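Novice: Got a structure for you, model-v8.pdb, holding PDB, C-alpha atoms.
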ATOM      1  CA  MET P   1      20.832 -35.282  -4.893
ATOM      2  CA  ILE P   2      20.061 -33.575  -8.182
ATOM      3  CA  CYS P   3      19.961 -29.795  -8.751
ATOM      4  CA  LYS P   4      16.150 -29.750  -8.849
ATOM      5  CA  ASN P   5      15.874 -31.266  -5.366
ATOM      6  CA  PHE P   6      18.571 -28.901  -4.113
ATOM      7  CA  LYS P   7      16.581 -25.888  -5.329
ATOM      8  CA  ASN P   8      13.371 -27.263  -3.795
ATOM      9  CA  ASN P   9      15.002 -27.324  -0.356
ATOM     10  CA  ILE P  10      17.217 -24.260  -0.606
ATOM     11  CA  LEU P  11      15.133 -21.896   1.586
ATOM     12  CA  ASN P  12      14.540 -24.491   4.304
ATOM     13  CA  TYR P  13      18.263 -25.260   4.240
ATOM     14  CA  TYR P  14      19.128 -21.561   4.621
ATOM     15  CA  TYR P  15      16.824 -21.252   7.643
ATOM     16  CA  GLY P  16      18.134 -24.530   9.122
ATOM     17  CA  GLU P  17      14.730 -26.178   8.821
ATOM     18  CA  CYS P  18      15.812 -29.211   6.766
ATOM     19  CA  GLU P  19      15.951 -32.775   8.030
ATOM     20  CA  PRO P  20      19.540 -33.631   9.073
ATOM     21  CA  ASP P  21      19.887 -36.177   6.224
ATOM     22  CA  THR P  22      18.648 -33.657   3.662
ATOM     23  CA  ALA P  23      21.001 -31.013   5.031
ATOM     24  CA  LYS P  24      23.929 -33.402   4.632
ATOM     25  CA  GLU P  25      22.902 -34.190   1.055
ATOM     26  CA  MET P  26      22.615 -30.466   0.333
ATOM     27  CA  GLN P  27      26.151 -29.884   1.584
ATOM     28  CA  GLU P  28      27.485 -32.765  -0.492
ATOM     29  CA  HIS P  29      25.669 -31.468  -3.562
ATOM     30  CA  MET P  30      27.161 -27.988  -3.133
ATOM     31  CA  ALA P  31      30.635 -29.506  -2.907
ATOM     32  CA  LYS P  32      30.084 -31.119  -6.309
ATOM     33  CA  CYS P  33      27.934 -28.524  -8.136
ATOM     34  CA  LYS P  34      29.461 -25.063  -8.474
ATOM     35  CA  ASP P  35      26.286 -23.523  -9.929
ATOM     36  CA  CYS P  36      24.177 -24.592  -6.953
ATOM     37  CA  ALA P  37      26.877 -23.442  -4.519
ATOM     38  CA  LEU P  38      26.894 -20.018  -6.202
ATOM     39  CA  LEU P  39      23.079 -19.902  -6.144
ATOM     40  CA  PHE P  40      23.061 -20.641  -2.426
ATOM     41  CA  GLN P  41      25.668 -17.933  -1.844
ATOM     42  CA  GLN P  42      23.590 -15.340  -3.726
ATOM     43  CA  LEU P  43      20.409 -16.361  -1.943
ATOM     44  CA  SER P  44      22.136 -16.178   1.444
ATOM     45  CA  LEU P  45      23.241 -12.611   0.727
ATOM     46  CA  VAL P  46      19.707 -11.583  -0.262
ATOM     47  CA  LEU P  47      18.030 -13.234   2.730
ATOM     48  CA  GLY P  48      20.777 -12.019   5.057
ATOM     49  CA  SER P  49      20.351  -8.424   3.897
ATOM     50  CA  ALA P  50      17.386  -8.144   6.276
ATOM     51  CA  SER P  51      19.741  -8.343   9.244
ATOM     52  CA  PHE P  52      19.835  -4.518   9.347
ATOM     53  CA  ILE P  53      16.451  -4.696  11.126
ATOM     54  CA  LYS P  54      18.164  -5.908  14.295
ATOM     55  CA  GLU P  55      20.161  -2.660  14.403
ATOM     56  CA  ALA P  56      17.333  -0.339  13.378
ATOM     57  CA  ALA P  57      16.448   2.274  15.970
ATOM     58  CA  PRO P  58      14.755   5.649  15.825
ATOM     59  CA  LYS P  59      16.711   8.878  16.145
ATOM     60  CA  THR P  60      17.402  10.423  19.531
ATOM     61  CA  PHE P  61      14.832  12.641  21.304
ATOM     62  CA  TYR P  62      12.082  10.352  20.007
ATOM     63  CA  TYR P  63       9.807  10.962  22.970
ATOM     64  CA  THR P  64      10.230  14.756  22.723
ATOM     65  CA  ARG P  65       9.025  14.683  19.125
ATOM     66  CA  LEU P  66       6.216  12.288  20.004
ATOM     67  CA  SER P  67       4.967  14.393  22.933
ATOM     68  CA  ALA P  68       5.089  17.495  20.704
ATOM     69  CA  LYS P  69       2.876  15.695  18.193
ATOM     70  CA  ILE P  70       0.469  14.592  20.932
ATOM     71  CA  ASN P  71       0.281  18.115  22.351
ATOM     72  CA  ASN P  72      -0.313  19.554  18.894
ATOM     73  CA  GLN P  73      -3.225  17.233  18.230
ATOM     74  CA  LYS P  74      -4.652  17.580  21.751
ATOM     75  CA  PRO P  75      -6.508  20.928  21.708
ATOM     76  CA  GLY P  76      -7.692  20.736  18.159
ATOM     77  CA  SER P  77      -8.581  17.073  18.108
ATOM     78  CA  ILE P  78     -12.250  17.245  19.141
ATOM     79  CA  TYR P  79     -12.804  20.520  17.280
ATOM     80  CA  THR P  80     -11.151  19.165  14.113
ATOM     81  CA  ARG P  81     -13.193  15.970  14.277
ATOM     82  CA  MET P  82     -16.411  17.937  14.775
ATOM     83  CA  VAL P  83     -15.627  20.231  11.853
ATOM     84  CA  ALA P  84     -14.689  17.261   9.668
ATOM     85  CA  ARG P  85     -17.874  15.413  10.615
ATOM     86  CA  LEU P  86     -20.046  18.413   9.852
ATOM     87  CA  ALA P  87     -18.134  19.641   6.838
ATOM     88  CA  GLN P  88     -17.971  16.333   4.959
ATOM     89  CA  PRO P  89     -21.754  15.844   4.463
ATOM     90  CA  LEU P  90     -22.211  19.585   3.868
ATOM     91  CA  VAL P  91     -19.552  19.639   1.164
ATOM     92  CA  ALA P  92     -21.028  16.481  -0.374
ATOM     93  CA  ALA P  93     -24.542  18.008  -0.347
ATOM     94  CA  CYS P  94     -23.253  21.269  -1.868
ATOM     95  CA  LEU P  95     -21.429  19.388  -4.618
ATOM     96  CA  ALA P  96     -24.540  17.331  -5.354
ATOM     97  CA  ALA P  97     -26.687  20.499  -5.479
ATOM     98  CA  ILE P  98     -24.197  22.214  -7.793
ATOM     99  CA  GLY P  99     -24.162  19.095  -9.985
ATOM    100  CA  ILE P 100     -27.963  19.003 -10.162
ATOM    101  CA  PHE P 101     -28.139  22.765 -10.871
ATOM    102  CA  ILE P 102     -25.580  22.466 -13.702
ATOM    103  CA  GLY P 103     -27.430  19.413 -15.052
ATOM    104  CA  VAL P 104     -30.762  21.251 -15.029
ATOM    105  CA  LYS P 105     -29.178  24.297 -16.678
ATOM    106  CA  ILE P 106     -27.604  22.218 -19.431
ATOM    107  CA  ALA P 107     -30.829  20.276 -19.987
ATOM    108  CA  GLY P 108     -32.824  23.539 -20.087
ATOM    109  CA  SER P 109     -30.555  25.171 -22.615
ATOM    110  CA  LEU P 110     -30.625  22.039 -24.789
ATOM    111  CA  SER P 111     -34.443  21.906 -24.793
ATOM    112  CA  ASP P 112     -34.609  25.666 -25.553
ATOM    113  CA  ASN P 113     -32.336  25.151 -28.517
ATOM    114  CA  TYR P 114     -34.480  22.266 -29.668
ATOM    115  CA  PHE P 115     -37.614  24.394 -29.352
ATOM    116  CA  VAL P 116     -36.060  27.290 -31.241
ATOM    117  CA  GLU P 117     -34.773  24.904 -33.884
ATOM    118  CA  THR P 118     -38.142  23.194 -34.335
ATOM    119  CA  LYS P 119     -39.876  26.557 -34.380
ATOM    120  CA  SER P 120     -37.567  27.900 -37.048
ATOM    121  CA  ASN P 121     -37.949  24.654 -38.984
ATOM    122  CA  GLN P 122     -41.714  25.026 -38.855
ATOM    123  CA  SER P 123     -41.569  28.606 -40.124
ATOM    124  CA  GLU P 124     -39.192  27.532 -42.899
ATOM    125  CA  VAL P 125     -41.654  24.824 -43.986
ATOM    126  CA  ALA P 126     -44.509  27.334 -44.001
ATOM    127  CA  GLU P 127     -42.465  29.749 -46.117
ATOM    128  CA  MET P 128     -41.628  26.938 -48.536
ATOM    129  CA  GLN P 129     -45.310  26.053 -48.855
ATOM    130  CA  LEU P 130     -46.155  29.662 -49.620
ATOM    131  CA  ALA P 131     -43.380  29.803 -52.178
ATOM    132  CA  ASP P 132     -44.628  26.600 -53.772
ATOM    133  CA  GLU P 133     -48.079  28.033 -54.060
ATOM    134  CA  TYR P 134     -46.787  31.245 -55.578
ATOM    135  CA  PHE P 135     -44.287  29.637 -57.900
ATOM    136  CA  PRO P 136     -45.854  26.542 -59.434
ATOM    137  CA  LYS P 137     -43.784  23.370 -59.397
ATOM    138  CA  SER P 138     -42.040  22.147 -62.526
ATOM    139  CA  GLY P 139     -44.748  19.550 -63.275
ATOM    140  CA  ASP P 140     -47.601  22.080 -63.100
ATOM    141  CA  GLU P 141     -46.222  24.739 -65.423
ATOM    142  CA  GLU P 142     -47.140  24.673 -69.083
ATOM    143  CA  LEU P 143     -44.339  24.387 -71.598
ATOM    144  CA  ILE P 144     -43.805  27.515 -73.683
ATOM    145  CA  GLU P 145     -43.514  25.481 -76.875
ATOM    146  CA  THR P 146     -46.874  23.805 -76.215
ATOM    147  CA  TYR P 147     -48.433  27.186 -75.588
ATOM    148  CA  TYR P 148     -47.164  28.465 -78.871
ATOM    149  CA  LEU P 149     -48.253  25.329 -80.737
ATOM    150  CA  ASN P 150     -51.720  25.498 -79.245
ATOM    151  CA  ASP P 151     -51.953  29.127 -80.105
ATOM    152  CA  LYS P 152     -51.169  28.413 -83.695
TER     153      LYS P 152
ATOM    154  CA  MET W   1       1.199   0.896  33.785
ATOM    155  CA  ILE W   2      -1.930   0.849  31.602
ATOM    156  CA  ASN W   3      -4.055   2.083  34.503
ATOM    157  CA  SER W   4      -1.655   4.982  35.050
ATOM    158  CA  ILE W   5      -1.732   5.861  31.345
ATOM    159  CA  ILE W   6      -5.558   5.807  31.404
ATOM    160  CA  LYS W   7      -5.456   8.187  34.373
ATOM    161  CA  GLY W   8      -3.283  10.504  32.293
ATOM    162  CA  ASP W   9       0.045   9.884  34.029
ATOM    163  CA  GLU W  10       2.563  11.256  31.534
ATOM    164  CA  ARG W  11       5.522   9.621  33.260
ATOM    165  CA  ALA W  12       3.889   6.202  32.867
ATOM    166  CA  PHE W  13       3.265   6.902  29.179
ATOM    167  CA  ARG W  14       6.904   7.922  28.746
ATOM    168  CA  THR W  15       8.076   4.689  30.397
ATOM    169  CA  PHE W  16       5.723   2.762  28.119
ATOM    170  CA  VAL W  17       7.041   4.523  25.007
ATOM    171  CA  ASP W  18      10.671   4.004  26.046
ATOM    172  CA  LYS W  19       9.990   0.304  26.580
ATOM    173  CA  TYR W  20       8.290  -0.362  23.263
ATOM    174  CA  THR W  21       9.773   2.211  20.844
ATOM    175  CA  VAL W  22      12.392  -0.085  19.363
ATOM    176  CA  LEU W  23       9.943  -3.001  19.072
ATOM    177  CA  VAL W  24       7.381  -0.917  17.163
ATOM    178  CA  PHE W  25      10.041   0.766  15.035
ATOM    179  CA  ARG W  26      11.656  -2.541  14.022
ATOM    180  CA  VAL W  27       8.320  -4.118  13.107
ATOM    181  CA  ILE W  28       7.573  -1.200  10.786
ATOM    182  CA  VAL W  29      11.092  -1.250   9.275
ATOM    183  CA  SER W  30      10.823  -5.011   8.762
ATOM    184  CA  PHE W  31       7.898  -4.389   6.400
ATOM    185  CA  GLY W  32      10.308  -2.529   4.139
ATOM    186  CA  ILE W  33       9.409   0.999   5.186
ATOM    187  CA  ARG W  34      12.108   3.684   5.174
ATOM    188  CA  ARG W  35      13.533   4.819   8.494
ATOM    189  CA  GLU W  36      12.125   8.364   8.334
ATOM    190  CA  GLU W  37       8.667   7.142   7.416
ATOM    191  CA  ALA W  38       8.960   4.348   9.963
ATOM    192  CA  GLU W  39       9.587   6.926  12.668
ATOM    193  CA  ASP W  40       6.454   8.867  11.715
ATOM    194  CA  LEU W  41       4.421   5.657  11.565
ATOM    195  CA  SER W  42       5.744   4.440  14.921
ATOM    196  CA  GLN W  43       4.757   7.772  16.450
ATOM    197  CA  GLU W  44       1.289   7.347  14.958
ATOM    198  CA  VAL W  45       1.122   3.952  16.687
ATOM    199  CA  PHE W  46       1.856   5.531  20.080
ATOM    200  CA  ILE W  47      -0.581   8.383  19.421
ATOM    201  CA  ASP W  48      -3.252   5.750  18.667
ATOM    202  CA  VAL W  49      -2.382   3.998  21.916
ATOM    203  CA  TYR W  50      -2.546   7.302  23.813
ATOM    204  CA  ASN W  51      -5.944   8.174  22.316
ATOM    205  CA  ASN W  52      -7.487   4.703  22.587
ATOM    206  CA  VAL W  53      -5.891   3.188  25.686
ATOM    207  CA  LYS W  54      -9.303   3.118  27.380
ATOM    208  CA  LYS W  55     -10.528   0.763  24.650
ATOM    209  CA  PHE W  56      -7.773  -1.781  25.384
ATOM    210  CA  ARG W  57      -9.674  -4.853  26.633
ATOM    211  CA  ARG W  58      -6.701  -6.611  28.276
ATOM    212  CA  GLU W  59      -7.607  -9.865  26.525
ATOM    213  CA  SER W  60      -4.090 -10.012  25.149
ATOM    214  CA  GLU W  61      -0.667  -8.662  26.006
ATOM    215  CA  ILE W  62      -0.093  -4.965  25.408
ATOM    216  CA  SER W  63       2.776  -5.899  23.057
ATOM    217  CA  THR W  64       0.344  -7.986  20.966
ATOM    218  CA  TRP W  65      -1.918  -4.950  20.678
ATOM    219  CA  LEU W  66       1.054  -2.793  19.684
ATOM    220  CA  TYR W  67       2.153  -5.344  17.064
ATOM    221  CA  ARG W  68      -1.365  -5.346  15.588
ATOM    222  CA  ILE W  69      -1.501  -1.561  15.331
ATOM    223  CA  ALA W  70       2.034  -1.393  13.892
ATOM    224  CA  ILE W  71       1.313  -4.118  11.307
ATOM    225  CA  ASN W  72      -1.964  -2.496  10.235
ATOM    226  CA  LYS W  73      -0.282   0.877   9.885
ATOM    227  CA  SER W  74       2.585  -0.639   7.872
ATOM    228  CA  ILE W  75       0.305  -2.594   5.524
ATOM    229  CA  ASN W  76      -1.929   0.452   4.994
ATOM    230  CA  PHE W  77       1.104   2.624   4.333
ATOM    231  CA  ILE W  78       2.460   0.167   1.753
ATOM    232  CA  ARG W  79      -0.966  -0.064   0.119
ATOM    233  CA  LYS W  80      -1.302   3.722  -0.010
ATOM    234  CA  THR W  81       2.145   4.297  -1.448
ATOM    235  CA  LYS W  82       1.752   1.205  -3.691
ATOM    236  CA  GLN W  83       5.289   0.063  -2.925
ATOM    237  CA  SER W  84       7.679  -0.549  -0.100
ATOM    238  CA  ALA W  85      10.651   1.723   0.417
ATOM    239  CA  TRP W  86      13.083  -0.852  -0.898
ATOM    240  CA  THR W  87      12.693  -0.156  -4.554
ATOM    241  CA  LYS W  88      15.416   0.974  -6.889
ATOM    242  CA  LYS W  89      13.782   4.397  -7.130
ATOM    243  CA  ASN W  90      14.391   5.111  -3.465
ATOM    244  CA  CYS W  91      17.824   3.559  -3.171
ATOM    245  CA  GLU W  92      19.659   6.881  -3.155
ATOM    246  CA  ASP W  93      17.471   8.338  -0.407
ATOM    247  CA  ILE W  94      17.978   5.248   1.702
ATOM    248  CA  SER W  95      21.713   5.372   1.313
ATOM    249  CA  ASP W  96      21.581   8.985   2.544
ATOM    250  CA  VAL W  97      19.651   7.938   5.619
ATOM    251  CA  ASP W  98      21.907   4.974   6.245
ATOM    252  CA  LYS W  99      25.022   7.088   5.882
ATOM    253  CA  ASN W 100      24.759   8.271   9.451
ATOM    254  CA  VAL W 101      23.978   4.861  10.856
ATOM    255  CA  GLN W 102      26.144   2.327   9.120
ATOM    256  CA  VAL W 103      29.830   2.512   8.437
ATOM    257  CA  GLU W 104      30.204   0.577   5.221
ATOM    258  CA  SER W 105      32.032   1.221   2.022
ATOM    259  CA  CYS W 106      29.904   2.749  -0.725
ATOM    260  CA  GLU W 107      30.207  -0.316  -2.900
ATOM    261  CA  ALA W 108      29.233  -2.727  -0.132
ATOM    262  CA  LYS W 109      26.314  -0.492   0.800
ATOM    263  CA  PHE W 110      25.111  -0.410  -2.791
ATOM    264  CA  VAL W 111      25.349  -4.207  -2.997
ATOM    265  CA  SER W 112      23.442  -4.697   0.278
ATOM    266  CA  GLU W 113      20.760  -2.255  -0.865
ATOM    267  CA  GLU W 114      20.432  -4.135  -4.144
ATOM    268  CA  GLN W 115      19.935  -7.313  -2.136
ATOM    269  CA  ARG W 116      17.317  -5.664   0.065
ATOM    270  CA  VAL W 117      15.515  -4.521  -3.080
ATOM    271  CA  ILE W 118      15.470  -8.106  -4.377
ATOM    272  CA  LEU W 119      14.286  -9.427  -0.996
ATOM    273  CA  TYR W 120      11.491  -6.902  -0.484
ATOM    274  CA  ASN W 121      10.342  -7.137  -4.098
ATOM    275  CA  SER W 122       9.950 -10.885  -3.544
ATOM    276  CA  ILE W 123       8.296 -10.502  -0.117
ATOM    277  CA  ASN W 124       5.844  -7.963  -1.513
ATOM    278  CA  ARG W 125       4.670 -10.522  -4.067
ATOM    279  CA  LEU W 126       3.348 -12.699  -1.229
ATOM    280  CA  SER W 127      -0.267 -12.436  -0.101
ATOM    281  CA  LYS W 128      -0.978 -10.098   2.838
ATOM    282  CA  ASN W 129      -1.189 -12.849   5.478
ATOM    283  CA  GLN W 130       1.811 -14.751   4.122
ATOM    284  CA  ARG W 131       3.797 -11.513   4.137
ATOM    285  CA  ILE W 132       2.828 -10.725   7.739
ATOM    286  CA  ALA W 133       3.604 -14.248   8.944
ATOM    287  CA  PHE W 134       6.920 -14.427   7.087
ATOM    288  CA  THR W 135       8.060 -10.951   8.187
ATOM    289  CA  LEU W 136       7.188 -11.565  11.824
ATOM    290  CA  ASN W 137       8.822 -14.998  11.880
ATOM    291  CA  LYS W 138      11.943 -14.568   9.794
ATOM    292  CA  LEU W 139      12.686 -10.858  10.108
ATOM    293  CA  ASP W 140      11.308 -10.024  13.574
ATOM    294  CA  GLU W 141      12.094 -13.515  14.903
ATOM    295  CA  LEU W 142       8.756 -14.129  16.606
ATOM    296  CA  SER W 143       7.566 -17.651  17.371
ATOM    297  CA  TYR W 144       4.575 -19.244  15.616
ATOM    298  CA  LYS W 145       2.620 -18.954  18.867
ATOM    299  CA  GLU W 146       3.261 -15.222  19.135
ATOM    300  CA  ILE W 147       2.351 -14.741  15.459
ATOM    301  CA  ALA W 148      -0.849 -16.744  15.979
ATOM    302  CA  GLU W 149      -1.825 -14.420  18.854
ATOM    303  CA  ILE W 150      -1.024 -11.285  16.879
ATOM    304  CA  MET W 151      -2.858 -12.449  13.755
ATOM    305  CA  ASN W 152      -5.664 -13.979  15.817
ATOM    306  CA  ILE W 153      -5.403 -17.349  14.062
ATOM    307  CA  SER W 154      -4.362 -20.867  15.121
ATOM    308  CA  VAL W 155      -0.747 -22.030  15.243
ATOM    309  CA  SER W 156      -1.475 -24.596  12.500
ATOM    310  CA  SER W 157      -2.745 -21.765  10.281
ATOM    311  CA  VAL W 158       0.528 -19.918  10.876
ATOM    312  CA  GLU W 159       2.438 -23.088   9.936
ATOM    313  CA  SER W 160       0.428 -23.381   6.747
ATOM    314  CA  LEU W 161       0.956 -19.679   5.920
ATOM    315  CA  MET W 162       4.685 -20.015   6.541
ATOM    316  CA  HIS W 163       4.950 -23.130   4.375
ATOM    317  CA  ARG W 164       3.245 -21.369   1.465
ATOM    318  CA  ALA W 165       5.173 -18.154   2.034
ATOM    319  CA  LYS W 166       8.520 -19.974   1.911
ATOM    320  CA  LYS W 167       7.527 -21.911  -1.217
ATOM    321  CA  ASN W 168       6.395 -18.739  -2.997
ATOM    322  CA  LEU W 169       9.411 -16.734  -1.882
ATOM    323  CA  GLN W 170      11.753 -19.525  -2.979
ATOM    324  CA  LYS W 171      10.061 -19.633  -6.387
ATOM    325  CA  SER W 172      10.307 -15.879  -6.750
ATOM    326  CA  LEU W 173      13.979 -15.726  -5.742
ATOM    327  CA  LEU W 174      14.947 -18.686  -7.931
ATOM    328  CA  ASN W 175      13.232 -17.017 -10.881
ATOM    329  CA  PHE W 176      15.274 -13.912 -10.183
ATOM    330  CA  PHE W 177      18.582 -15.802 -10.193
ATOM    331  CA  LYS W 178      17.697 -17.939 -13.239
TER     332      LYS W 178
END
Is it possible to give me this structure as structure tokens?

Specialist:
Amino acid sequence: MICKNFKNNILNYYYGECEPDTAKEMQEHMAKCKDCALLFQQLSLVLGSASFIKEAAPKTFYYTRLSAKINNQKPGSIYTRMVARLAQPLVAACLAAIGIFIGVKIAGSLSDNYFVETKSNQSEVAEMQLADEYFPKSGDEELIETYYLNDK
Amino acid sequence: MINSIIKGDERAFRTFVDKYTVLVFRVIVSFGIRREEAEDLSQEVFIDVYNNVKKFRRESEISTWLYRIAINKSINFIRKTKQSAWTKKNCEDISDVDKNVQVESCEAKFVSEEQRVILYNSINRLSKNQRIAFTLNKLDELSYKEIAEIMNISVSSVESLMHRAKKNLQKSLLNFFK
């Protein structure tokens, strides 16, 4: 057996689920290959670390604590469920309403700003037009030199 | 016993709890959940049974029903907390809990906890069904038939899940020791 085959069968070998011939070959390989023997040892420790489950047990007075929990949930259980059932959609509806209200407010203030801005822009344009009419543009005005020449 | 519990016989419920406490507790612990949390979860299992015993259809054994509730609670707990208890982060807490239970030298305890971390990190990489099948078979020592009943699948499906689980776990562990 080569190391690759050994590694392919290592978990089945640990759990004793290999064919007898394969198991024998695995043992022979470990006797020859120190690396694979060490690997199997490490893997056995990891897989064997779950053995604590067999000893696991809850602390004493388990039932006392359990019955206390059951008694605590007993009177309030229906009431709590009712409140939760009613409160959840109400809270959701309130949040949605608040969201819509805030959205409308923000949108309103934005459009007001736009209106004020456009209004002020319009008045600025009108003022500019008036100014243009009052003060002729550079192309319209007559040069002073020309005026003097003409006069002469 | 179930009829008595339905009728509200507290003594019957106590007998029921005493009979199945260790079973439920060990199933939850086998999913890599810390002892303290496992106790709370196991109590939740019995509270569920107490509240819903009328819904029990008697199509399966009561232990099968208990296993199902315990497994669902464990998987949901792991999903909620995003990790099992056996991570390096929680090692110190676990050693505190174990202090009262196991009499081991500190060094040996640290080594065994390291190994549990490696094992549960590898198990948690398996898919949900592979993890359930592997945990129930190799850690809780249930037969394929019992697992098939609990998971509500055929025995051949359990065999297939176990085959894939072992292959994936082997790959994961070999990568770790590379």

Novice: How close does chain W get to chain P? List, as a tab-separated table, each residue of chain W within 8 Å, its nearest atom pair and the distance in Å to one decimal, counting all atoms listed in the file.

Specialist:
residue	atom	partner	partner_atom	distance
W:Arg14	CA	P:Tyr63	CA	7.1
W:Val17	CA	P:Tyr63	CA	7.3
W:Asp18	CA	P:Tyr63	CA	7.7
W:Thr21	CA	P:Pro58	CA	7.9
W:Val22	CA	P:Ala57	CA	5.8
W:Phe25	CA	P:Ala57	CA	6.6
W:Arg26	CA	P:Ile53	CA	6.0
W:Val29	CA	P:Ile53	CA	6.6
W:Ser30	CA	P:Ile53	CA	6.1
W:Arg35	CA	P:Pro58	CA	7.5
W:Glu39	CA	P:Pro58	CA	6.2
W:Gln43	CA	P:Leu66	CA	5.9
W:Ile47	CA	P:Ile70	CA	6.5
W:Ser112	CA	P:Ser49	CA	6.0
W:Glu113	CA	P:Ser49	CA	7.8
W:Gln115	CA	P:Val46	CA	4.7
W:Arg116	CA	P:Ser49	CA	5.6
W:Ile118	CA	P:Val46	CA	6.9
W:Leu119	CA	P:Val46	CA	5.9
W:Leu139	CA	P:Ala50	CA	6.6
W:Asp140	CA	P:Ile53	CA	7.8
W:Lys166	CA	P:Leu11	CA	6.9
W:Gln170	CA	P:Leu11	CA	6.2
W:Leu173	CA	P:Leu43	CA	7.5
W:Leu174	CA	P:Lys7	CA	7.8
W:Phe177	CA	P:Leu39	CA	7.3

Novice: Measuring between all atoms listed in the file, which one of W:Tyr20, W:Phe176, W:Trp65, W:Phe56 shows the shortest distance to W:Glu146?

Specialist: W:Trp65

Novice: What does the PyMOL selection byres ((chain P and resi 22) around 12) select in this file, as a PyMOL selection string?

Specialist: chain P and resi 1-2+5-6+8-10+12-13+16-21+23-29

Novice: Restricted to C-alpha atoms, what would the selected residues look like written as a tab-separated table (two decimals), keeping the file's coordinate frame?

Specialist:
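After the write, part.tsv holds the following:
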chain	number	residue	atom	x	y	z
P	1	MET	CA	20.83	-35.28	-4.89
P	2	ILE	CA	20.06	-33.58	-8.18
P	5	ASN	CA	15.87	-31.27	-5.37
P	6	PHE	CA	18.57	-28.90	-4.11
P	8	ASN	CA	13.37	-27.26	-3.80
P	9	ASN	CA	15.00	-27.32	-0.36
P	10	ILE	CA	17.22	-24.26	-0.61
P	12	ASN	CA	14.54	-24.49	4.30
P	13	TYR	CA	18.26	-25.26	4.24
P	16	GLY	CA	18.13	-24.53	9.12
P	17	GLU	CA	14.73	-26.18	8.82
P	18	CYS	CA	15.81	-29.21	6.77
P	19	GLU	CA	15.95	-32.78	8.03
P	20	PRO	CA	19.54	-33.63	9.07
P	21	ASP	CA	19.89	-36.18	6.22
P	23	ALA	CA	21.00	-31.01	5.03
P	24	LYS	CA	23.93	-33.40	4.63
P	25	GLU	CA	22.90	-34.19	1.06
P	26	MET	CA	22.62	-30.47	0.33
P	27	GLN	CA	26.15	-29.88	1.58
P	28	GLU	CA	27.48	-32.76	-0.49
P	29	HIS	CA	25.67	-31.47	-3.56

Novice: Emit as lines of an AutoDock Vina configuration file the padded axis-aligned box for all listed atoms of stretch 67-82 of chain W, 8 Å per side, with centre and edge lengths in Å to one decimal.

Specialist:
center_x = 0.3
center_y = -0.5
center_z = 6.7
size_x = 20.5
size_y = 25.6
size_z = 36.8

Novice: What is the atom CA of P:Gly99 to atom CA of P:Asp112 distance in Å?

Specialist: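 If I compute the distance from atom CA of P:Gly99 to atom CA of P:Asp112, I get 19.9 Å.
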
Novice: Find, counting all atoms listed in the file, the residue in W:Ile78, W:Ser122, W:Val49, W:Lys138 that gets nearest to W:Ser172.

Specialist: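 The closest residue to W:Ser172 is W:Ser122.
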
Novice: Work out how far atom CA of W:Arg125 is from atom CA of W:Leu169, in Å to one decimal.

Specialist: 8.1 Å

Novice: Separation of atom CA of W:Asn137 and atom CA of W:Phe46, in Å?

Specialist: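 Between these atoms lies a distance of 23.2 Å.
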
Novice: Find the residue from W:Ile75, W:Ile5, W:Leu161, W:Leu142 that sits nearest to W:Ile28; use all atoms listed in the file when measuring.

Specialist: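 Closest to W:Ile28, using all atoms listed in the file: W:Ile75.
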